[in-house]
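For reference, query01.cif (mmCIF, C-alpha atoms and all ligand atoms):
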data_data
#
loop_
_atom_site.label_atom_id
_atom_site.label_comp_id
_atom_site.auth_asym_id
_atom_site.auth_seq_id
_atom_site.Cartn_x
_atom_site.Cartn_y
_atom_site.Cartn_z
CA MET A 427 -7.47 39.63 -7.86
CA SER A 428 -4.37 41.18 -6.30
CA TYR A 429 -2.53 40.01 -3.19
CA ILE A 430 -3.84 43.05 -1.30
CA GLU A 431 -7.40 42.05 -2.04
CA ALA A 432 -6.68 38.49 -0.96
CA LYS A 433 -5.02 39.76 2.21
CA ASN A 434 -8.15 41.76 3.01
CA ALA A 435 -10.40 38.78 2.35
CA TYR A 436 -8.42 36.76 4.90
CA ALA A 437 -8.27 39.68 7.33
CA LYS A 438 -12.07 39.54 7.57
CA TYR A 439 -11.61 36.17 9.28
CA GLY A 440 -8.88 37.57 11.51
CA ILE A 441 -6.11 35.90 9.50
CA ASP A 442 -2.79 37.64 8.89
CA THR A 443 -1.43 36.45 5.53
CA ASP A 444 1.85 38.37 5.85
CA ALA A 445 2.60 36.67 9.15
CA ALA A 446 1.83 33.25 7.65
CA ILE A 447 4.23 33.90 4.75
CA GLU A 448 6.96 35.02 7.14
CA LYS A 449 6.53 32.01 9.36
CA LEU A 450 6.65 29.42 6.59
CA LYS A 451 9.87 30.78 5.12
CA GLY A 452 11.97 29.64 8.06
CA VAL A 453 10.82 26.06 8.57
CA PRO A 454 12.89 23.32 6.91
CA LEU A 455 11.45 20.62 4.68
CA SER A 456 13.77 17.82 3.60
CA LEU A 457 14.21 17.14 -0.08
CA HIS A 458 14.89 13.46 -0.74
CA CYS A 459 17.78 12.93 -3.15
CA TRP A 460 16.36 9.55 -4.24
CA GLN A 461 13.58 10.96 -6.45
CA GLY A 462 16.30 11.88 -8.96
CA ASP A 463 17.58 8.41 -9.78
CA ASP A 464 14.80 6.01 -8.82
CA VAL A 465 16.45 5.09 -5.49
CA ARG A 466 19.49 3.49 -7.12
CA GLY A 467 22.43 5.29 -5.50
CA PHE A 468 26.09 5.08 -6.48
CA ASP A 469 27.50 2.26 -4.39
CA THR A 470 26.20 -0.85 -6.16
CA ASP A 471 25.34 -1.95 -9.70
CA PRO A 472 22.73 0.54 -10.93
CA ASN A 473 20.92 -2.22 -12.82
CA LYS A 474 20.32 -4.38 -9.77
CA PRO A 475 16.73 -4.61 -8.59
CA LEU A 476 15.43 -2.35 -5.87
CA THR A 477 14.71 -4.58 -2.86
CA GLY A 478 13.17 -4.15 0.58
CA GLY A 479 9.58 -4.13 -0.61
CA ILE A 480 9.74 -0.74 -2.35
CA GLN A 481 9.41 -0.23 -6.08
CA THR A 482 9.82 2.50 -8.65
CA THR A 483 7.84 2.09 -11.82
CA GLY A 484 8.33 3.81 -15.15
CA ASN A 485 11.38 4.63 -17.24
CA TYR A 486 11.00 8.28 -18.15
CA ALA A 487 14.13 9.57 -19.86
CA GLY A 488 16.77 11.53 -18.00
CA ARG A 489 17.45 9.65 -14.77
CA ALA A 490 20.54 11.01 -12.98
CA ARG A 491 23.35 8.47 -13.29
CA THR A 492 26.22 10.18 -11.51
CA PRO A 493 26.71 12.46 -8.50
CA GLU A 494 27.28 15.37 -10.89
CA GLU A 495 24.01 14.74 -12.73
CA LEU A 496 22.08 14.31 -9.50
CA MET A 497 23.49 17.52 -8.06
CA ALA A 498 22.72 19.43 -11.24
CA ASP A 499 19.14 18.17 -11.11
CA ILE A 500 18.77 19.12 -7.47
CA ASP A 501 20.02 22.61 -8.36
CA GLU A 502 17.19 22.87 -10.89
CA VAL A 503 14.69 21.93 -8.21
CA LEU A 504 16.19 24.43 -5.77
CA LYS A 505 15.43 27.18 -8.28
CA LEU A 506 11.80 26.17 -8.43
CA VAL A 507 10.74 25.53 -4.84
CA PRO A 508 9.97 28.14 -2.19
CA GLY A 509 10.82 27.79 1.48
CA LYS A 510 13.71 26.45 3.51
CA VAL A 511 15.15 23.33 1.94
CA LYS A 512 17.18 20.70 3.77
CA MET A 513 18.85 17.87 1.84
CA ASN A 514 18.07 14.26 2.62
CA LEU A 515 20.63 11.64 1.60
CA HIS A 516 20.80 7.87 1.73
CA ALA A 517 24.04 6.09 2.52
CA CYS A 518 24.03 4.51 -0.95
CA TYR A 519 24.71 7.99 -2.36
CA ALA A 520 28.28 7.91 -0.99
CA ILE A 521 30.67 9.41 -3.51
CA PHE A 522 33.73 7.36 -4.43
CA ASP A 523 36.66 8.54 -6.51
CA GLU A 524 40.34 7.74 -7.03
CA GLU A 525 41.31 9.24 -3.72
CA ASN A 526 38.49 7.52 -1.86
CA PRO A 527 37.76 4.25 -3.68
CA TRP A 528 34.68 2.11 -3.14
CA VAL A 529 34.12 0.54 0.28
CA ASP A 530 31.19 -1.57 1.40
CA ARG A 531 28.44 -0.06 3.53
CA ASP A 532 29.90 -1.24 6.84
CA LYS A 533 33.07 0.74 6.11
CA LEU A 534 31.55 4.05 5.05
CA GLU A 535 33.12 7.17 6.51
CA PRO A 536 32.31 10.87 6.65
CA LYS A 537 34.83 11.51 3.87
CA HIS A 538 32.58 9.68 1.42
CA PHE A 539 30.06 12.48 1.93
CA LYS A 540 32.49 15.39 1.78
CA LYS A 541 31.27 16.37 -1.69
CA TRP A 542 27.71 16.45 -0.43
CA VAL A 543 28.80 18.62 2.49
CA ASP A 544 30.43 21.03 0.05
CA PHE A 545 27.27 20.98 -2.04
CA CYS A 546 25.12 21.80 0.99
CA LYS A 547 27.50 24.45 2.31
CA GLU A 548 27.56 26.31 -0.99
CA ARG A 549 23.79 26.44 -0.96
CA GLY A 550 23.31 27.03 2.76
CA LEU A 551 21.45 23.74 3.34
CA GLY A 552 21.33 21.38 6.31
CA CYS A 553 21.23 17.65 5.64
CA ASP A 554 19.35 14.60 6.91
CA PHE A 555 20.65 11.07 6.46
CA ASN A 556 19.55 7.44 6.10
CA PRO A 557 21.41 4.17 6.40
CA THR A 558 20.56 2.04 3.35
CA PHE A 559 19.36 -1.39 4.48
CA PHE A 560 18.11 -2.53 1.05
CA SER A 561 19.21 -3.23 -2.54
CA HIS A 562 22.45 -4.90 -1.48
CA PRO A 563 23.86 -8.47 -1.75
CA LYS A 564 24.03 -8.71 2.05
CA CYS A 565 20.24 -8.52 2.43
CA ASP A 566 19.64 -12.23 3.05
CA PRO A 567 16.77 -10.98 2.69
CA LEU A 568 16.79 -9.79 6.32
CA THR A 569 19.27 -7.22 7.59
CA LEU A 570 19.18 -6.03 11.20
CA SER A 571 16.85 -8.89 12.12
CA SER A 572 18.75 -11.64 10.32
CA PRO A 573 19.37 -14.90 12.20
CA ASN A 574 22.73 -15.03 10.42
CA GLU A 575 25.12 -13.36 12.82
CA GLU A 576 27.54 -12.28 10.11
CA THR A 577 24.77 -10.56 8.13
CA ARG A 578 23.38 -8.88 11.21
CA ARG A 579 26.87 -7.67 12.23
CA PHE A 580 27.45 -6.18 8.79
CA TRP A 581 24.27 -4.16 9.01
CA ILE A 582 24.89 -3.07 12.60
CA GLU A 583 28.28 -1.78 11.50
CA HIS A 584 26.55 0.05 8.67
CA GLY A 585 24.14 1.66 11.11
CA LYS A 586 26.98 2.77 13.38
CA ALA A 587 28.92 4.19 10.44
CA CYS A 588 25.81 6.17 9.54
CA ILE A 589 25.56 7.63 13.05
CA ARG A 590 29.12 8.90 12.65
CA ILE A 591 28.31 10.32 9.23
CA SER A 592 25.17 12.00 10.59
CA GLN A 593 27.19 13.59 13.38
CA TYR A 594 29.63 14.85 10.76
CA LEU A 595 26.81 16.31 8.63
CA ALA A 596 25.24 18.04 11.64
CA GLU A 597 28.54 19.53 12.77
CA GLU A 598 29.67 20.65 9.34
CA LEU A 599 26.35 22.17 8.35
CA GLY A 600 25.27 23.58 11.71
CA GLU A 601 21.78 22.03 11.56
CA PRO A 602 20.60 18.86 13.29
CA CYS A 603 20.68 15.70 11.18
CA VAL A 604 17.64 13.43 11.31
CA MET A 605 18.89 9.88 10.73
CA ASN A 606 16.14 7.48 9.82
CA ILE A 607 16.35 3.74 10.42
CA TRP A 608 14.08 1.82 8.09
CA THR A 609 14.54 -1.74 6.93
CA GLY A 610 12.35 -3.76 4.60
CA ASP A 611 12.89 -6.82 6.79
CA GLY A 612 9.94 -9.17 6.64
CA PHE A 613 8.49 -12.22 4.92
CA LYS A 614 6.38 -12.85 1.87
CA ASP A 615 4.48 -15.65 3.55
CA ILE A 616 3.34 -16.79 6.97
CA PRO A 617 6.35 -16.94 9.27
CA ALA A 618 7.01 -19.60 11.87
CA ASP A 619 8.70 -17.17 14.23
CA ARG A 620 7.51 -13.60 14.53
CA MET A 621 9.21 -12.66 17.76
CA GLY A 622 12.76 -13.84 17.04
CA PRO A 623 13.35 -11.34 14.21
CA ARG A 624 11.85 -8.56 16.32
CA GLU A 625 14.10 -9.32 19.27
CA ARG A 626 17.11 -9.34 16.97
CA TYR A 627 15.95 -6.10 15.34
CA ARG A 628 15.61 -4.47 18.77
CA ASN A 629 19.07 -5.68 19.81
CA SER A 630 20.57 -4.43 16.57
CA ILE A 631 19.08 -0.95 16.95
CA ASP A 632 20.32 -0.95 20.57
CA GLU A 633 23.82 -1.59 19.26
CA ILE A 634 23.59 1.06 16.58
CA LEU A 635 22.39 3.64 19.09
CA SER A 636 25.18 2.69 21.50
CA GLU A 637 27.47 4.56 19.13
CA CYS A 638 28.35 7.93 20.67
CA TYR A 639 26.34 10.92 19.36
CA ASP A 640 24.91 14.19 20.56
CA PHE A 641 21.11 13.74 20.56
CA SER A 642 20.58 17.47 20.03
CA LYS A 643 22.48 17.15 16.73
CA VAL A 644 21.81 13.62 15.54
CA LYS A 645 18.21 12.50 15.72
CA PRO A 646 17.87 8.80 15.00
CA CYS A 647 14.34 7.80 13.97
CA ILE A 648 12.60 4.46 13.81
CA GLU A 649 10.23 4.18 10.83
CA SER A 650 7.50 1.57 10.89
CA LYS A 651 5.71 -0.11 8.00
CA VAL A 652 2.70 -2.32 7.48
CA PHE A 653 3.87 -4.34 4.46
CA GLY A 654 5.88 -4.16 1.25
CA ILE A 655 5.89 -5.78 -2.17
CA GLY A 656 7.19 -9.32 -1.72
CA VAL A 657 6.99 -8.79 2.04
CA GLU A 658 3.23 -9.07 2.40
CA ALA A 659 2.74 -11.40 5.34
CA TYR A 660 4.99 -10.00 8.03
CA THR A 661 7.03 -6.84 8.64
CA VAL A 662 9.57 -6.95 11.46
CA GLY A 663 9.45 -3.17 12.05
CA SER A 664 5.68 -2.96 12.42
CA ALA A 665 3.89 0.06 13.90
CA GLU A 666 3.75 -1.42 17.40
CA PHE A 667 7.39 -2.48 17.24
CA ALA A 668 8.69 0.90 16.07
CA LEU A 669 6.55 2.94 18.42
CA SER A 670 7.40 0.76 21.41
CA TYR A 671 11.07 1.03 20.59
CA ALA A 672 10.83 4.80 20.44
CA VAL A 673 8.87 5.01 23.71
CA MET A 674 11.37 2.82 25.53
CA ASN A 675 14.31 4.81 24.16
CA LYS A 676 12.98 8.35 24.28
CA ASP A 677 16.36 9.75 25.25
CA LYS A 678 18.01 8.30 22.13
CA CYS A 679 15.57 8.36 19.23
CA ILE A 680 12.22 9.59 17.91
CA PRO A 681 9.42 7.84 16.02
CA LEU A 682 8.95 8.43 12.29
CA MET A 683 5.63 8.04 10.51
CA ASP A 684 5.43 7.65 6.75
CA ASN A 685 1.86 8.23 5.62
CA GLY A 686 2.17 5.37 3.11
CA HIS A 687 2.84 2.85 5.85
CA TYR A 688 -0.55 2.26 7.41
CA HIS A 689 -3.77 0.51 6.55
CA PRO A 690 -5.59 2.58 3.92
CA THR A 691 -8.26 3.97 6.24
CA GLU A 692 -5.77 5.06 8.90
CA VAL A 693 -4.59 8.65 8.68
CA VAL A 694 -1.31 10.12 9.86
CA SER A 695 -2.99 13.50 10.41
CA ASP A 696 -4.72 11.95 13.42
CA LYS A 697 -1.59 10.17 14.61
CA ILE A 698 0.47 13.38 14.78
CA PRO A 699 -1.32 14.82 17.85
CA ALA A 700 -1.53 11.34 19.37
CA LEU A 701 2.24 10.96 19.28
CA LEU A 702 2.96 14.55 20.24
CA THR A 703 0.91 14.04 23.40
CA PHE A 704 3.80 11.84 24.56
CA PHE A 705 6.89 12.59 22.47
CA PRO A 706 8.60 15.98 22.50
CA GLU A 707 9.55 15.44 18.86
CA ILE A 708 8.53 13.26 15.93
CA ALA A 709 9.51 12.89 12.28
CA LEU A 710 7.40 12.47 9.15
CA HIS A 711 7.83 11.05 5.67
CA ILE A 712 5.29 12.81 3.52
CA THR A 713 4.19 10.78 0.53
CA ARG A 714 1.04 9.73 -1.34
CA PRO A 715 -0.06 6.13 -1.18
CA ILE A 716 -2.50 4.83 -3.76
CA ARG A 717 -3.94 1.50 -2.57
CA TRP A 718 -0.53 0.64 -1.09
CA ASP A 719 2.74 2.39 -0.26
CA SER A 720 3.05 3.39 -3.89
CA ASP A 721 5.09 6.54 -3.20
CA HIS A 722 3.29 8.77 -5.69
CA VAL A 723 4.11 12.48 -5.92
CA VAL A 724 2.46 14.42 -3.08
CA LEU A 725 -0.58 16.41 -4.21
CA PHE A 726 -2.40 19.33 -2.62
CA ASP A 727 -5.08 16.92 -1.46
CA ASP A 728 -7.25 16.67 1.63
CA GLU A 729 -5.03 14.42 3.72
CA THR A 730 -1.90 16.42 2.92
CA LYS A 731 -3.77 19.55 4.06
CA GLU A 732 -4.97 17.80 7.19
CA ILE A 733 -1.43 16.62 8.00
CA ALA A 734 -0.21 20.20 7.53
CA LYS A 735 -2.93 21.55 9.83
CA GLU A 736 -1.92 19.17 12.59
CA ILE A 737 1.76 20.05 12.12
CA VAL A 738 0.93 23.75 12.50
CA ARG A 739 -1.51 23.28 15.40
CA CYS A 740 0.68 20.92 17.39
CA GLY A 741 3.85 23.00 17.48
CA GLY A 742 5.47 21.47 14.43
CA PHE A 743 6.92 24.87 13.57
CA ASP A 744 8.58 25.08 16.97
CA GLY A 745 10.83 22.15 16.18
CA ARG A 746 8.51 19.34 17.26
CA VAL A 747 7.97 17.87 13.79
CA ASN A 748 10.80 17.02 11.41
CA MET A 749 9.34 17.02 7.91
CA ALA A 750 10.72 15.13 4.94
CA LEU A 751 9.43 14.11 1.53
CA ASP A 752 9.55 10.45 0.57
CA TYR A 753 8.29 9.36 -2.83
CA PHE A 754 9.72 8.27 -6.15
CA ASP A 755 8.05 8.36 -9.52
CA ALA A 756 10.05 7.21 -12.53
CA SER A 757 7.16 7.61 -14.98
CA ILE A 758 7.25 11.40 -15.30
CA ASN A 759 9.88 14.13 -15.48
CA ARG A 760 11.75 13.70 -12.19
CA ILE A 761 12.52 17.40 -11.72
CA SER A 762 8.83 18.08 -12.01
CA ALA A 763 7.99 15.22 -9.62
CA TRP A 764 10.32 16.67 -7.01
CA THR A 765 9.07 20.22 -7.57
CA VAL A 766 5.35 19.45 -7.55
CA GLY A 767 5.63 17.43 -4.34
CA PHE A 768 7.78 19.98 -2.54
CA ARG A 769 5.59 22.89 -3.62
CA ASN A 770 2.48 20.99 -2.57
CA VAL A 771 3.73 20.36 0.95
CA GLN A 772 4.65 24.03 1.16
CA LYS A 773 1.20 24.90 -0.16
CA ALA A 774 -0.47 22.70 2.41
CA LEU A 775 1.59 24.27 5.19
CA LEU A 776 0.71 27.78 4.04
CA PHE A 777 -2.95 26.78 3.79
CA ALA A 778 -2.72 25.45 7.36
CA LEU A 779 -1.12 28.66 8.60
CA LEU A 780 -4.16 30.51 7.25
CA GLN A 781 -6.62 28.73 9.54
CA PRO A 782 -8.05 31.15 12.13
CA ALA A 783 -7.57 30.54 15.84
CA CYS A 784 -11.31 30.85 16.43
CA LEU A 785 -11.92 27.35 15.01
CA LYS A 786 -10.56 25.77 18.16
CA GLU A 787 -12.74 28.07 20.27
CA LEU A 788 -15.82 27.02 18.32
CA GLN A 789 -14.97 23.39 19.03
CA ASP A 790 -14.43 24.06 22.74
CA GLU A 791 -17.77 25.89 22.87
CA ASN A 792 -19.47 22.93 21.19
CA ASN A 793 -20.47 25.24 18.36
CA PHE A 794 -20.14 22.53 15.75
CA THR A 795 -22.63 24.09 13.36
CA ARG A 796 -20.66 27.27 12.97
CA LEU A 797 -17.39 25.31 12.96
CA MET A 798 -18.55 23.39 9.91
CA VAL A 799 -19.72 26.54 8.14
CA MET A 800 -16.41 28.29 8.80
CA GLN A 801 -14.28 25.31 7.79
CA GLU A 802 -16.15 25.11 4.50
CA GLU A 803 -15.95 28.84 3.76
CA LEU A 804 -12.21 28.91 4.38
CA LYS A 805 -11.75 26.49 1.51
CA THR A 806 -12.73 29.06 -1.09
CA LEU A 807 -10.85 32.11 0.17
CA PRO A 808 -8.39 33.43 -2.45
CA PHE A 809 -5.55 31.15 -1.40
CA GLY A 810 -3.85 31.17 -4.82
CA GLU A 811 -2.96 34.85 -4.46
CA VAL A 812 -1.36 34.30 -1.08
CA TRP A 813 0.55 31.31 -2.41
CA ASN A 814 1.88 33.29 -5.36
CA GLU A 815 2.90 36.09 -3.00
CA TYR A 816 4.78 33.53 -0.91
CA CYS A 817 6.60 32.26 -4.01
CA LYS A 818 7.49 35.84 -4.90
CA ALA A 819 8.76 36.50 -1.37
CA CYS A 820 10.99 33.42 -1.71
CA GLY A 821 12.25 34.52 -5.11
CA VAL A 822 10.79 31.62 -7.08
CA PHE A 823 8.24 31.38 -9.87
CA ALA A 824 4.55 31.46 -9.06
CA ASP A 825 2.20 28.73 -10.30
CA GLY A 826 1.80 28.90 -14.03
CA GLU A 827 5.39 30.11 -14.51
CA TRP A 828 7.81 27.42 -13.38
CA PHE A 829 7.01 24.50 -15.64
CA GLY A 830 8.54 26.20 -18.68
CA GLU A 831 11.89 25.99 -16.88
CA VAL A 832 11.49 22.24 -16.45
CA GLU A 833 10.65 21.82 -20.13
CA LYS A 834 13.72 23.80 -21.07
CA TYR A 835 15.95 21.70 -18.77
CA GLU A 836 14.46 18.56 -20.22
CA ARG A 837 15.21 19.73 -23.75
CA GLU A 838 18.70 20.92 -23.01
CA VAL A 839 19.92 18.45 -20.42
CA LEU A 840 17.73 15.46 -19.57
CA SER A 841 16.92 14.38 -23.13
CA LYS A 842 20.64 14.19 -23.91
CA ARG A 843 21.42 11.66 -21.20
C1 LIG B 1 10.13 2.63 2.42
C2 LIG B 1 10.33 3.72 3.39
C3 LIG B 1 11.69 4.38 3.33
C4 LIG B 1 12.20 4.59 1.93
C5 LIG B 1 13.40 5.50 1.83
C6 LIG B 1 14.07 5.38 0.51
O1 LIG B 1 8.85 2.17 2.40
O2 LIG B 1 9.34 4.68 3.25
O3 LIG B 1 11.64 5.56 4.06
O4 LIG B 1 11.21 5.07 1.08
O5 LIG B 1 14.25 5.27 2.87
ZN ZN B 2 9.51 6.49 4.27
#
Can you turn what I pasted into structure tokens?
Amino acid sequence: MSYIEAKNAYAKYGIDTDAAIEKLKGVPLSLHCWQGDDVRGFDTDPNKPLTGGIQTTGNYAGRARTPEELMADIDEVLKLVPGKVKMNLHACYAIFDEENPWVDRDKLEPKHFKKWVDFCKERGLGCDFNPTFFSHPKCDPLTLSSPNEETRRFWIEHGKACIRISQYLAEELGEPCVMNIWTGDGFKDIPADRMGPRERYRNSIDEILSECYDFSKVKPCIESKVFGIGVEAYTVGSAEFALSYAVMNKDKCIPLMDNGHYHPTEVVSDKIPALLTFFPEIALHITRPIRWDSDHVVLFDDETKEIAKEIVRCGGFDGRVNMALDYFDASINRISAWTVGFRNVQKALLFALLQPACLKELQDENNFTRLMVMQEELKTLPFGEVWNEYCKACGVFADGEWFGEVEKYEREVLSKR
């Protein structure tokens, strides 16, 4: 079937495929740099364990070990993904050299990200940012909620440094910078004090956000979590904590939901409209949890499609939803992991843009029978043709064509590392 035939098939339902393609092209999706090196970064010993309750598993060959390798790998991905890409960096990806030697996280400055700014400028990308509150000797294991004042101070200073870096990224690149605050603070076993750490966490975030920034350029987020590996009994930044913080500080920050951070029967697709009823703007980490926050590569699965539908329906394309990927698989080719996940979110968004407006009318008319029939029929319209047309419009390979490039890169570059 050709694109024209597919376009006509959709037109029968009153859906304009050309308009959907046009719309999707302009909406940014953040590409997380940490898929390329298993969340190790460049500022500490690369062989140290990943802490904070997150874990990468697998040791597929070809992990990026230096800024140059990571940038080269990202360039490969940029060739293979359609749509508007934004970079997403963690503070631990600061670049040190002779001119700017290593400093600890509390002393980081914009200049340590100058090479990333150049990288983004050359490719016309905006950039999001994250303080790194894990995998560091100063995690005791708590960070912003530590009872040790020296530890807590260190991490507050890190957070403030990251606000300044985010402001720099936003100004240099001319796109807002979403700066996400997530810590793995919590306990493996039943705590004796649940409120103390939360009060300290709140006070620490207050201090970080007292740093001067322009809220239209720097968008600090508070990401919640239910539990992590080794942090099973208690998480300081729980859902209620993070959401309450965001509600009480609406003029300074926005809530961030990661769809791996809830109980397995909860769905973020339903939480998006709930939050957007009250917040002008929210942020998302799009991932795939299997049984826990396993951070598997995002697939074109039902919940990803449902999340995309809610983003489209609730004004996500008018700047209300900041979208970012967040997963890390070290057991497969990392370029492919990045590419598959990015393409799948784009696919889900395109699929969502191809839902007809009449569905809402059917719901409002209580015509649930027809609504079900329509929703089911839409699933088998010739979506693949529209998707391939979108890839063509973005100048990237269609499905069935891009993987050869990854194999070639693996042969020529990754296998030699
Ligand atoms: C961890 C959180 C957090 C991290 C990244 C690396 O569970 O999802 O967002 O994955 O900051
Ligand atoms: Zn996340």
Range 549-552 of chain A surroundings by all atoms listed in the file, 10 Å radius, close-in-sequence under 3 positions cut, as a count of residues only: 22
Using all atoms listed in the file, what table do you get, as a tab-separated table, when you list each residue of range 729-784 of chain A with an atom no more than 12 Å from range 475-498 of chain A, its nearest pair of atoms, and their distance in Å rounded to one decimal, rows by chain then rising number?
residue	atom	partner	partner_atom	distance
A:Asp752	CA	A:Ile480	CA	11.6
A:Tyr753	CA	A:Thr482	CA	9.1
A:Phe754	CA	A:Thr482	CA	6.3
A:Asp755	CA	A:Thr482	CA	6.2
A:Ala756	CA	A:Gly484	CA	4.6
A:Ser757	CA	A:Gly484	CA	4.0
A:Ile758	CA	A:Tyr486	CA	5.6
A:Asn759	CA	A:Tyr486	CA	6.5
A:Arg760	CA	A:Arg489	CA	7.5
A:Ile761	CA	A:Gly488	CA	9.6
A:Ser762	CA	A:Tyr486	CA	11.8
A:Ala763	CA	A:Tyr486	CA	11.4
Name the residues, by chain letter and number, that sit within 9 Å of ligand ZN 2 (chain B) using only C-alpha atoms and all ligand atoms, and give them as JSON, numbers by chain. {"A": [606, 608, 649, 650, 651, 682, 683, 684, 685, 686, 687, 710, 711, 712, 713, 721, 750, 751, 752, 753]}
Hey, can I get the axis-aligned box for range 748-762 of chain A? All listed atoms, 6 Å padding on each side, centre and edge lengths in Å to one decimal, as AutoDock Vina command-line options.
--center_x 9.8 --center_y 12.6 --center_z -2.0 --size_x 17.4 --size_y 22.9 --size_z 38.9
Just the number, please: distance in Å from atom O5 of ligand LIG 1 (chain B) to CA of His722 in chain A, one decimal. 14.3 Å
Separation of CA of Thr703 in chain A from CA of Lys676 in chain A in Å: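 Taking CA of Lys676 in chain A and CA of Thr703 in chain A, their separation equals 13.4 Å.
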Please determine, counting only C-alpha atoms and all ligand atoms, which residue among A:Tyr660, A:Phe653, A:Tyr594, A:Tyr627 has the shortest atom-to-atom distance to ligand LIG 1 (chain B).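 Result for the nearest residue to ligand LIG 1 (chain B): A:Phe653.
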Can you pull out every residue within 12 Å of Leu725 in chain A, counting all atoms listed in the file, but drop anything in the same chain fewer than 2 positions away, and send it as a PDB file with C-alpha atoms, keeping the file's coordinate frame?
ATOM      1  CA  ILE A 712       5.290  12.810   3.520  1.00  0.00           C
ATOM      2  CA  THR A 713       4.190  10.780   0.530  1.00  0.00           C
ATOM      3  CA  ARG A 714       1.040   9.730  -1.340  1.00  0.00           C
ATOM      4  CA  PRO A 715      -0.060   6.130  -1.180  1.00  0.00           C
ATOM      5  CA  ILE A 716      -2.500   4.830  -3.760  1.00  0.00           C
ATOM      6  CA  ASP A 721       5.090   6.540  -3.200  1.00  0.00           C
ATOM      7  CA  HIS A 722       3.290   8.770  -5.690  1.00  0.00           C
ATOM      8  CA  VAL A 723       4.110  12.480  -5.920  1.00  0.00           C
ATOM      9  CA  ASP A 727      -5.080  16.920  -1.460  1.00  0.00           C
ATOM     10  CA  ASP A 728      -7.250  16.670   1.630  1.00  0.00           C
ATOM     11  CA  GLU A 729      -5.030  14.420   3.720  1.00  0.00           C
ATOM     12  CA  THR A 730      -1.900  16.420   2.920  1.00  0.00           C
ATOM     13  CA  LYS A 731      -3.770  19.550   4.060  1.00  0.00           C
ATOM     14  CA  LEU A 751       9.430  14.110   1.530  1.00  0.00           C
ATOM     15  CA  TYR A 753       8.290   9.360  -2.830  1.00  0.00           C
ATOM     16  CA  ALA A 763       7.990  15.220  -9.620  1.00  0.00           C
ATOM     17  CA  TRP A 764      10.320  16.670  -7.010  1.00  0.00           C
ATOM     18  CA  THR A 765       9.070  20.220  -7.570  1.00  0.00           C
ATOM     19  CA  VAL A 766       5.350  19.450  -7.550  1.00  0.00           C
ATOM     20  CA  GLY A 767       5.630  17.430  -4.340  1.00  0.00           C
ATOM     21  CA  PHE A 768       7.780  19.980  -2.540  1.00  0.00           C
ATOM     22  CA  ARG A 769       5.590  22.890  -3.620  1.00  0.00           C
ATOM     23  CA  ASN A 770       2.480  20.990  -2.570  1.00  0.00           C
ATOM     24  CA  VAL A 771       3.730  20.360   0.950  1.00  0.00           C
ATOM     25  CA  GLN A 772       4.650  24.030   1.160  1.00  0.00           C
ATOM     26  CA  LYS A 773       1.200  24.900  -0.160  1.00  0.00           C
ATOM     27  CA  ALA A 774      -0.470  22.700   2.410  1.00  0.00           C
TER      28      ALA A 774
END
Residues at most 12 Å from Ile631 in chain A, counting only C-alpha atoms, excluding those fewer than 5 positions away in the same chain, as JSON, numbers by chain? {"A": [557, 569, 570, 571, 578, 579, 581, 582, 583, 584, 585, 586, 589, 606, 607, 608, 609, 624, 625, 626, 636, 637, 646, 647, 648, 649, 663, 667, 668, 671, 672, 675, 678, 679]}
Would you write out those residues with C-alpha atoms, as a compact mmCIF listing (two decimals), keeping the file's coordinate frame?
# COMPACT_ATOMS: atom_id res chain seq x y z
CA PRO A 557 21.41 4.17 6.40
CA THR A 569 19.27 -7.22 7.59
CA LEU A 570 19.18 -6.03 11.20
CA SER A 571 16.85 -8.89 12.12
CA ARG A 578 23.38 -8.88 11.21
CA ARG A 579 26.87 -7.67 12.23
CA TRP A 581 24.27 -4.16 9.01
CA ILE A 582 24.89 -3.07 12.60
CA GLU A 583 28.28 -1.78 11.50
CA HIS A 584 26.55 0.05 8.67
CA GLY A 585 24.14 1.66 11.11
CA LYS A 586 26.98 2.77 13.38
CA ILE A 589 25.56 7.63 13.05
CA ASN A 606 16.14 7.48 9.82
CA ILE A 607 16.35 3.74 10.42
CA TRP A 608 14.08 1.82 8.09
CA THR A 609 14.54 -1.74 6.93
CA ARG A 624 11.85 -8.56 16.32
CA GLU A 625 14.10 -9.32 19.27
CA ARG A 626 17.11 -9.34 16.97
CA SER A 636 25.18 2.69 21.50
CA GLU A 637 27.47 4.56 19.13
CA PRO A 646 17.87 8.80 15.00
CA CYS A 647 14.34 7.80 13.97
CA ILE A 648 12.60 4.46 13.81
CA GLU A 649 10.23 4.18 10.83
CA GLY A 663 9.45 -3.17 12.05
CA PHE A 667 7.39 -2.48 17.24
CA ALA A 668 8.69 0.90 16.07
CA TYR A 671 11.07 1.03 20.59
CA ALA A 672 10.83 4.80 20.44
CA ASN A 675 14.31 4.81 24.16
CA LYS A 678 18.01 8.30 22.13
CA CYS A 679 15.57 8.36 19.23
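Distance check against ligand LIG 1 (chain B) using only C-alpha atoms and all ligand atoms: of A:Asn434, A:Ser664, A:Gln593, A:Asn473, the minimum falls on A:Ser664.
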What lies within 10 Å of Phe743 in chain A using all atoms listed in the file, ignoring chain neighbours under 3 positions off, as a tab-separated table (two decimals) with C-alpha atoms, keeping the file's coordinate frame?
chain	number	residue	atom	x	y	z
A	449	LYS	CA	6.53	32.01	9.36
A	450	LEU	CA	6.65	29.42	6.59
A	452	GLY	CA	11.97	29.64	8.06
A	453	VAL	CA	10.82	26.06	8.57
A	454	PRO	CA	12.89	23.32	6.91
A	737	ILE	CA	1.76	20.05	12.12
A	738	VAL	CA	0.93	23.75	12.50
A	739	ARG	CA	-1.51	23.28	15.40
A	740	CYS	CA	0.68	20.92	17.39
A	746	ARG	CA	8.51	19.34	17.26
A	747	VAL	CA	7.97	17.87	13.79
A	748	ASN	CA	10.80	17.02	11.41
A	749	MET	CA	9.34	17.02	7.91
A	775	LEU	CA	1.59	24.27	5.19
